[in-house]
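> Sharing a structure, written as structure tokens. Questions coming.
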Amino acid sequence: MKKKPLPLLQGITIEGFAAEGKCIARHEGRVIFVEGNQAAPQDVVDLQVLRKRKSYWEAAVVAIHQASPQRTEPFCQHFGTCGGCKWQHIPYEVQLAQKQQQVWDNFTKIGKLDFPAIRPILPSVDTQYYRNKLEYTFSSRRWLTAEEVAQGGDNLSREALGFHIPKRFDRILDIEHCYLQADPSNAIRLAIRAYALEHQLSFFDQKEQTGWLRNLIIRTASTGDLMVILIVSEEQPEALEALLAHLQAQFPQISSLQYVINGKRNDSIHDLSVQCYAGQPYIEEQMTSLSGQQTLRFRIGPQSFYQTNAAQAERLYRVAGEMAQLSGQECVYDLYTGTGTIACFVADQAAKVVGVEYVEAAIEDAKRNAALNGINHTHFFAGDMKDVLTDEFVHAHGTPDVIITDPPRAGMHTDVVEMLLRIAPKRIVYVSCNPATQARDLALLQEAYAIEAVQPVDMFPHTHHVECVVALQKR
């Protein structure tokens with residue numbers, strides 16, 4: 001039996017934003033979700049239904065009859081096809097208002113929390129070229145636009161160096177200019193692509209697992225340091241030497257030029273050896289400490305984590321540090337410390353800082369960063385948070401006066417929340433990249449802690465993502 005065709009809905013008004021950056025509309029009482037890069041609140045559109053779920057439908061915009069006054073012209077030629085920067089067509093002030101609303105919605109609907117008026121969101125210092133790290137993928141299966149397909153796409157070059165098409169692991173959009181990372185990022189990517197095409201170097205095929213050139217990572221720093229990491233699938237010494245030498249000659253400002261041989265089926269390099277071809281095996285970032293008295297340096301290796309919006313990260317940490325209300329006498333626990341950035345940032349305003357993090361390599365970075373800055377009263381430990389943070393651990397390292405916690409998107413394990421309640425520090429500062437799981441955790445803490453302040457921070461312009469810092473005081 002033939003499936004009944006999915007309906008085309010005409011003249012539908014987009015009502016507003018929904019979760020995960022999507023837009024929401026309704027038809028005959030049915031909720032319809034539309035991808036956020038296709039629509040804007042107050043658009044009047046035709047929608048092609050793509051999927052019918054029990055409680056909602058999913059649809060795509062096929063025509064815009066009346067554009068929303070909340071629209072603006074996207075600045076990137078790849079908008080709508082590339083999976084990034086999905087809110088380019090939304091004015092930045094509207095983006096900020098929606099992120100502020102997202103925090104309020106999660107705190108009231110998910111957490112059902114008592115909280116003071118949310119502080120106005122801190123906008124990003126930069127709304128373009130704000131990222132300090134980008135990872136590109138080589139592919140022999142370039143994504144063709146509808147226009148290219150209509151013009152006989154089979155005869156076009158299929159090599160690409162760019163980003164994955166959303167929900168397609170094997171299709172890469174070739175990027176001409178990306179507005180996420182400042183020059184010479186674009187120039188380096190284009191130069192490598194041009195060299196590879198000229199010298200007939202094979203681009204990787206994710207589906208067939210064939211080809212040589214796999215990935216390219218570019219990391220920049222406010223210090224001017226520049227790291228380039230080329231990932232290839234196998235040893236080809238002559239070709240690799242020639243490509244890296246060409247890159248070094250064309251871009252002498254590269255301070256760390258590295259490569260990785262990755263013969264695995266996945267693109268992760270965290271379990272692989274990284275070889276330094278030229279320069280230092282790291283770059284350095286810097287920021288001013290909480291007291292304002294010290295310029296901190298952070299050494300970033302090819303596998304190190306560092307906040308990708310460095311300028312805004314310092315503002316985020318300053319908010320967290322100020323909410324901690326440190327006098328210099330406190331014992332501070334920095335949970336999910338990563339490479340120890342927050343721990344080092346607040347160290348000159350604390351008597352002792354204890355950092356805990358799951359990733360062992362990150363803890364080694366944290367120890368190096370503390371030593372690099374002459375900080376000798378930080379102590380770092382690796383392990384699963386719920387297993388490390390025990391009564392015995394607290395007895396050995398001191399009861400914290402203040403806890404700063406910055407968990408991953410999934411939030412804190414319930415065992416960790418229960419441990420915080422048992423430790424009962426005077427203050428908790430909760431930094432989160434996901435207000436939904438933050439609201440869930442705060443609901444578990446609210447019997448013992450009152451929310452004193454809520455500060456959203458925008459780290460990723462033109463996306464729906466928002467950071468939020470909350471100050472908790474023991475009741």
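Chain identifiers are assigned as A, B, and so on, following the order in which chains appear in the structure tokens; residues are numbered from 1 within each chain, and ligands are numbered from 1 in order of appearance.
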Do a neighbour search on region 419-430 of chain A at 7 Å with only C-alpha atoms, toss out local chain neighbours closer than 4 positions, and write the hits as a list of chain:residue names.

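Using only C-alpha atoms, the neighbours found are A:Ala320, A:Met323, A:Ala324, A:Pro400, A:Asp401, A:Val402, A:Ile403, A:Ile404, A:Thr405, A:Asp406, A:Asp415, A:Val469, A:Val470, A:Ala471, A:Leu472, A:Gln473, A:Lys474.
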
> Using only C-alpha atoms, determine which residues lie at most 9 Å from Trp57 (chain A), disregarding the query and same-chain residues fewer than 4 positions distant; provide the list as an MDAnalysis selection string.

chainID A and resid 30:34 49:53

> Which of region 151-201 of chain A counts as alpha helix (DSSP H) under DSSP, as a list in words please?

Ser185, Asn186, Ala187, Ile188, Arg189, Leu190, Ala191, Ile192, Arg193, Ala194, Tyr195, Ala196, Leu197 and Glu198 of chain A

> For the selection just defined, write its residues with N, CA and C atoms to a file, as a PDB file, in the first residue's frame.


```pdb
ATOM      1  N   SER A 185      43.101  31.991   9.401  1.00  0.00           N
ATOM      2  CA  SER A 185      42.446  30.681   9.385  1.00  0.00           C
ATOM      3  C   SER A 185      41.915  30.324   8.006  1.00  0.00           C
ATOM      4  N   ASN A 186      41.143  31.228   7.406  1.00  0.00           N
ATOM      5  CA  ASN A 186      40.595  30.942   6.073  1.00  0.00           C
ATOM      6  C   ASN A 186      41.697  30.770   5.039  1.00  0.00           C
ATOM      7  N   ALA A 187      42.714  31.629   5.119  1.00  0.00           N
ATOM      8  CA  ALA A 187      43.805  31.571   4.141  1.00  0.00           C
ATOM      9  C   ALA A 187      44.558  30.246   4.238  1.00  0.00           C
ATOM     10  N   ILE A 188      44.767  29.764   5.448  1.00  0.00           N
ATOM     11  CA  ILE A 188      45.477  28.491   5.634  1.00  0.00           C
ATOM     12  C   ILE A 188      44.668  27.343   5.044  1.00  0.00           C
ATOM     13  N   ARG A 189      43.371  27.318   5.344  1.00  0.00           N
ATOM     14  CA  ARG A 189      42.524  26.233   4.821  1.00  0.00           C
ATOM     15  C   ARG A 189      42.508  26.239   3.293  1.00  0.00           C
ATOM     16  N   LEU A 190      42.340  27.404   2.704  1.00  0.00           N
ATOM     17  CA  LEU A 190      42.283  27.494   1.244  1.00  0.00           C
ATOM     18  C   LEU A 190      43.607  27.130   0.601  1.00  0.00           C
ATOM     19  N   ALA A 191      44.708  27.499   1.257  1.00  0.00           N
ATOM     20  CA  ALA A 191      46.033  27.174   0.715  1.00  0.00           C
ATOM     21  C   ALA A 191      46.278  25.667   0.728  1.00  0.00           C
ATOM     22  N   ILE A 192      45.862  25.007   1.785  1.00  0.00           N
ATOM     23  CA  ILE A 192      46.027  23.553   1.866  1.00  0.00           C
ATOM     24  C   ILE A 192      45.161  22.861   0.817  1.00  0.00           C
ATOM     25  N   ARG A 193      43.940  23.324   0.662  1.00  0.00           N
ATOM     26  CA  ARG A 193      43.056  22.727  -0.341  1.00  0.00           C
ATOM     27  C   ARG A 193      43.635  22.906  -1.747  1.00  0.00           C
ATOM     28  N   ALA A 194      44.112  24.110  -2.036  1.00  0.00           N
ATOM     29  CA  ALA A 194      44.675  24.373  -3.368  1.00  0.00           C
ATOM     30  C   ALA A 194      45.906  23.504  -3.627  1.00  0.00           C
ATOM     31  N   TYR A 195      46.773  23.387  -2.622  1.00  0.00           N
ATOM     32  CA  TYR A 195      47.977  22.560  -2.771  1.00  0.00           C
ATOM     33  C   TYR A 195      47.592  21.103  -3.006  1.00  0.00           C
ATOM     34  N   ALA A 196      46.614  20.623  -2.224  1.00  0.00           N
ATOM     35  CA  ALA A 196      46.201  19.220  -2.342  1.00  0.00           C
ATOM     36  C   ALA A 196      45.632  18.921  -3.726  1.00  0.00           C
ATOM     37  N   LEU A 197      44.832  19.831  -4.250  1.00  0.00           N
ATOM     38  CA  LEU A 197      44.259  19.630  -5.580  1.00  0.00           C
ATOM     39  C   LEU A 197      45.338  19.682  -6.653  1.00  0.00           C
ATOM     40  N   GLU A 198      46.240  20.633  -6.527  1.00  0.00           N
ATOM     41  CA  GLU A 198      47.316  20.786  -7.521  1.00  0.00           C
ATOM     42  C   GLU A 198      48.218  19.561  -7.553  1.00  0.00           C
TER      43      GLU A 198
END
```

> With only C-alpha atoms as the counted atoms, please give the residues lying no more than 10 Å from Arg315 (chain A), apart from itself and same-chain residues fewer than 3 positions off, as an MDAnalysis selection string.

chainID A and resid 122 124:125 287 310:312 318:321 457 459

> Would you put the residues from that selection into a file with N, CA and C atoms, as a PDB file, in the first residue's frame?


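Result saved to result.pdb:
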```pdb
ATOM      1  N   LEU A 122      25.105  38.985  29.369  1.00  0.00           N
ATOM      2  CA  LEU A 122      26.334  39.641  28.918  1.00  0.00           C
ATOM      3  C   LEU A 122      26.582  39.266  27.463  1.00  0.00           C
ATOM      4  N   SER A 124      28.438  38.827  23.805  1.00  0.00           N
ATOM      5  CA  SER A 124      29.799  38.472  23.437  1.00  0.00           C
ATOM      6  C   SER A 124      30.560  39.712  22.985  1.00  0.00           C
ATOM      7  N   VAL A 125      31.826  39.769  23.361  1.00  0.00           N
ATOM      8  CA  VAL A 125      32.690  40.887  22.937  1.00  0.00           C
ATOM      9  C   VAL A 125      32.708  40.971  21.421  1.00  0.00           C
ATOM     10  N   MET A 287      45.150  35.550  30.367  1.00  0.00           N
ATOM     11  CA  MET A 287      44.052  36.344  30.902  1.00  0.00           C
ATOM     12  C   MET A 287      44.482  36.912  32.249  1.00  0.00           C
ATOM     13  N   ALA A 310      37.696  32.921  23.850  1.00  0.00           N
ATOM     14  CA  ALA A 310      38.615  33.272  24.935  1.00  0.00           C
ATOM     15  C   ALA A 310      38.259  34.599  25.597  1.00  0.00           C
ATOM     16  N   ALA A 311      37.903  35.601  24.798  1.00  0.00           N
ATOM     17  CA  ALA A 311      37.580  36.911  25.368  1.00  0.00           C
ATOM     18  C   ALA A 311      36.372  36.816  26.283  1.00  0.00           C
ATOM     19  N   GLN A 312      35.379  36.075  25.866  1.00  0.00           N
ATOM     20  CA  GLN A 312      34.163  35.945  26.666  1.00  0.00           C
ATOM     21  C   GLN A 312      34.384  35.004  27.851  1.00  0.00           C
ATOM     22  N   ARG A 318      35.162  35.791  35.455  1.00  0.00           N
ATOM     23  CA  ARG A 318      35.115  36.932  36.383  1.00  0.00           C
ATOM     24  C   ARG A 318      33.771  36.962  37.109  1.00  0.00           C
ATOM     25  N   VAL A 319      32.696  36.676  36.366  1.00  0.00           N
ATOM     26  CA  VAL A 319      31.373  36.596  36.999  1.00  0.00           C
ATOM     27  C   VAL A 319      31.384  35.526  38.085  1.00  0.00           C
ATOM     28  N   ALA A 320      31.897  34.338  37.745  1.00  0.00           N
ATOM     29  CA  ALA A 320      31.935  33.233  38.710  1.00  0.00           C
ATOM     30  C   ALA A 320      32.797  33.590  39.914  1.00  0.00           C
ATOM     31  N   GLY A 321      33.944  34.200  39.656  1.00  0.00           N
ATOM     32  CA  GLY A 321      34.845  34.572  40.749  1.00  0.00           C
ATOM     33  C   GLY A 321      34.234  35.607  41.673  1.00  0.00           C
ATOM     34  N   VAL A 457      25.377  34.409  30.148  1.00  0.00           N
ATOM     35  CA  VAL A 457      26.528  34.914  29.394  1.00  0.00           C
ATOM     36  C   VAL A 457      26.478  34.294  28.006  1.00  0.00           C
ATOM     37  N   MET A 459      28.269  33.010  24.967  1.00  0.00           N
ATOM     38  CA  MET A 459      29.590  32.566  24.501  1.00  0.00           C
ATOM     39  C   MET A 459      29.596  32.261  23.006  1.00  0.00           C
TER      40      MET A 459
END
```

> Kindly indicate which residue among A:Tyr92, A:Tyr277, A:Trp212, A:Tyr333 lies nearest to Glu241 (chain A), using only C-alpha atoms for the distances.

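Closest to Glu241 (chain A) of all the choices is A:Tyr277.
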
> Applying 12 Å and only C-alpha atoms, which residues near region 395-397 of chain A remain after dropping the ones on its own chain fewer than 2 positions away? List them as a VMD selection string.

chain A and resid 331 to 333 352 to 356 377 to 381 388 to 393 399 to 400 423

> Using only C-alpha atoms, can you tell me which of A:Thr81, A:Asn106, A:Thr127, A:Gln70 comes closest to Ala18 (chain A)?

A:Asn106

> Please provide the set of residues having any atom within 10 Å of region 174-179 of chain A, restricted to only C-alpha atoms, with same-chain residues fewer than 6 positions apart removed, written as number ranges by chain.

A: 75-78, 82, 84-85, 127-131, 134, 136-139, 141-144, 158-165, 185-187, 189-190, 193

> Which of region 94-231 of chain A end up as strand (DSSP E or B) when DSSP is run on this backbone - answer as number ranges by chain?

A: 122, 133-139, 142, 160-164, 172-174, 203, 205, 210, 213-220, 226-231

> Take the residues that were just selected and, keeping C-alpha atoms, output them as a PDB file, in the first residue's frame.


```
ATOM      1  CA  LEU A 122      26.334  39.641  28.918  1.00  0.00           C
ATOM      2  CA  LYS A 133      39.590  26.600  17.476  1.00  0.00           C
ATOM      3  CA  LEU A 134      38.069  25.113  14.338  1.00  0.00           C
ATOM      4  CA  GLU A 135      38.230  21.590  12.970  1.00  0.00           C
ATOM      5  CA  TYR A 136      37.733  20.985   9.259  1.00  0.00           C
ATOM      6  CA  THR A 137      37.207  17.702   7.441  1.00  0.00           C
ATOM      7  CA  PHE A 138      38.547  16.608   4.052  1.00  0.00           C
ATOM      8  CA  SER A 139      36.162  14.619   1.877  1.00  0.00           C
ATOM      9  CA  ARG A 142      31.508  17.092  -1.426  1.00  0.00           C
ATOM     10  CA  ALA A 160      35.930  19.358  -0.147  1.00  0.00           C
ATOM     11  CA  LEU A 161      37.571  20.830   2.933  1.00  0.00           C
ATOM     12  CA  GLY A 162      34.972  22.143   5.323  1.00  0.00           C
ATOM     13  CA  PHE A 163      32.206  21.138   7.717  1.00  0.00           C
ATOM     14  CA  HIS A 164      29.829  18.202   7.988  1.00  0.00           C
ATOM     15  CA  ILE A 172      31.136  17.729   3.683  1.00  0.00           C
ATOM     16  CA  LEU A 173      30.285  21.282   2.665  1.00  0.00           C
ATOM     17  CA  ASP A 174      33.263  22.939   1.006  1.00  0.00           C
ATOM     18  CA  PHE A 203      40.824  13.401   0.135  1.00  0.00           C
ATOM     19  CA  ASP A 205      36.114   9.098   2.034  1.00  0.00           C
ATOM     20  CA  THR A 210      39.909   5.481   1.807  1.00  0.00           C
ATOM     21  CA  LEU A 213      43.966  13.798   3.924  1.00  0.00           C
ATOM     22  CA  ARG A 214      41.508  13.512   6.844  1.00  0.00           C
ATOM     23  CA  ASN A 215      41.231  16.573   9.092  1.00  0.00           C
ATOM     24  CA  LEU A 216      42.669  20.009   9.747  1.00  0.00           C
ATOM     25  CA  ILE A 217      42.629  21.761  13.142  1.00  0.00           C
ATOM     26  CA  ILE A 218      43.510  25.431  13.510  1.00  0.00           C
ATOM     27  CA  ARG A 219      43.952  26.997  16.959  1.00  0.00           C
ATOM     28  CA  THR A 220      44.646  30.676  17.595  1.00  0.00           C
ATOM     29  CA  LEU A 226      48.951  29.978  15.963  1.00  0.00           C
ATOM     30  CA  MET A 227      48.714  26.169  15.878  1.00  0.00           C
ATOM     31  CA  VAL A 228      47.969  24.054  12.808  1.00  0.00           C
ATOM     32  CA  ILE A 229      47.430  20.279  13.057  1.00  0.00           C
ATOM     33  CA  LEU A 230      47.140  18.171   9.909  1.00  0.00           C
ATOM     34  CA  ILE A 231      45.613  14.698  10.271  1.00  0.00           C
TER      35      ILE A 231
END
```

> Using only C-alpha atoms, which of the listed residues (A:Lys54, A:Arg299, A:Arg26, A:Arg409) sits closest to Ala439 (chain A)?

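For Ala439 (chain A), the nearest of the given residues is A:Arg409.
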
> Rounded to one decimal in Å, what is the spacing between CA of Ala39 (chain A) and CA of Gly21 (chain A)?

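Computed distance, CA of Ala39 (chain A) to CA of Gly21 (chain A), equals 10.5 Å.
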
> For CA of Leu272 (chain A) and CA of Pro408 (chain A), determine how far apart the two atoms are, in Å to one decimal place.

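Pair CA of Leu272 (chain A) / CA of Pro408 (chain A) returns 23.4 Å.
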
> Do you know which residues are at most 12 Å from Pro456 (chain A) counting only C-alpha atoms, after dropping those on the same chain fewer than 5 positions away, and could you put them as a PDB file with C-alpha atoms, in the first residue's frame?


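Written out: selection.pdb:
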```pdb
ATOM      1  CA  LEU A  96      20.193  37.749  23.342  1.00  0.00           C
ATOM      2  CA  ALA A  97      16.595  38.283  24.421  1.00  0.00           C
ATOM      3  CA  GLN A  98      15.725  34.713  23.451  1.00  0.00           C
ATOM      4  CA  LYS A  99      18.699  33.302  25.370  1.00  0.00           C
ATOM      5  CA  GLN A 100      17.654  35.297  28.434  1.00  0.00           C
ATOM      6  CA  GLN A 101      14.131  33.913  28.021  1.00  0.00           C
ATOM      7  CA  GLN A 102      15.526  30.386  27.669  1.00  0.00           C
ATOM      8  CA  VAL A 103      17.120  30.640  31.120  1.00  0.00           C
ATOM      9  CA  TRP A 104      13.878  31.952  32.645  1.00  0.00           C
ATOM     10  CA  ALA A 117      15.372  38.849  38.677  1.00  0.00           C
ATOM     11  CA  ILE A 118      17.789  37.477  36.097  1.00  0.00           C
ATOM     12  CA  ARG A 119      20.597  39.896  35.339  1.00  0.00           C
ATOM     13  CA  PRO A 120      20.749  41.157  31.738  1.00  0.00           C
ATOM     14  CA  ILE A 121      22.709  38.705  29.589  1.00  0.00           C
ATOM     15  CA  LEU A 122      26.334  39.641  28.918  1.00  0.00           C
ATOM     16  CA  PRO A 123      26.731  39.911  25.124  1.00  0.00           C
ATOM     17  CA  SER A 124      29.799  38.472  23.437  1.00  0.00           C
ATOM     18  CA  GLN A 312      34.163  35.945  26.666  1.00  0.00           C
ATOM     19  CA  ARG A 315      34.180  37.610  31.480  1.00  0.00           C
ATOM     20  CA  LEU A 316      32.471  34.323  32.416  1.00  0.00           C
ATOM     21  CA  VAL A 319      31.373  36.596  36.999  1.00  0.00           C
ATOM     22  CA  ALA A 320      31.935  33.233  38.710  1.00  0.00           C
ATOM     23  CA  TYR A 430      27.176  26.831  39.443  1.00  0.00           C
ATOM     24  CA  VAL A 431      28.447  27.521  35.913  1.00  0.00           C
ATOM     25  CA  SER A 432      26.504  25.747  33.171  1.00  0.00           C
ATOM     26  CA  CYS A 433      26.352  25.489  29.388  1.00  0.00           C
ATOM     27  CA  ASN A 434      22.873  23.934  29.641  1.00  0.00           C
ATOM     28  CA  PRO A 435      20.269  25.837  31.704  1.00  0.00           C
ATOM     29  CA  HIS A 465      23.555  28.046  23.212  1.00  0.00           C
ATOM     30  CA  VAL A 466      23.829  30.101  26.403  1.00  0.00           C
ATOM     31  CA  GLU A 467      26.004  29.864  29.516  1.00  0.00           C
ATOM     32  CA  CYS A 468      24.532  30.703  32.910  1.00  0.00           C
ATOM     33  CA  VAL A 469      26.212  31.392  36.252  1.00  0.00           C
ATOM     34  CA  VAL A 470      24.201  31.043  39.472  1.00  0.00           C
ATOM     35  CA  ALA A 471      25.263  32.054  42.994  1.00  0.00           C
TER      36      ALA A 471
END
```

> Which of these residues is nearest to Thr72 (chain A), using only C-alpha atoms: A:Ser289, A:Gly328, A:His462, A:Arg440?

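That would be A:His462, the residue with the smallest distance to Thr72 (chain A).
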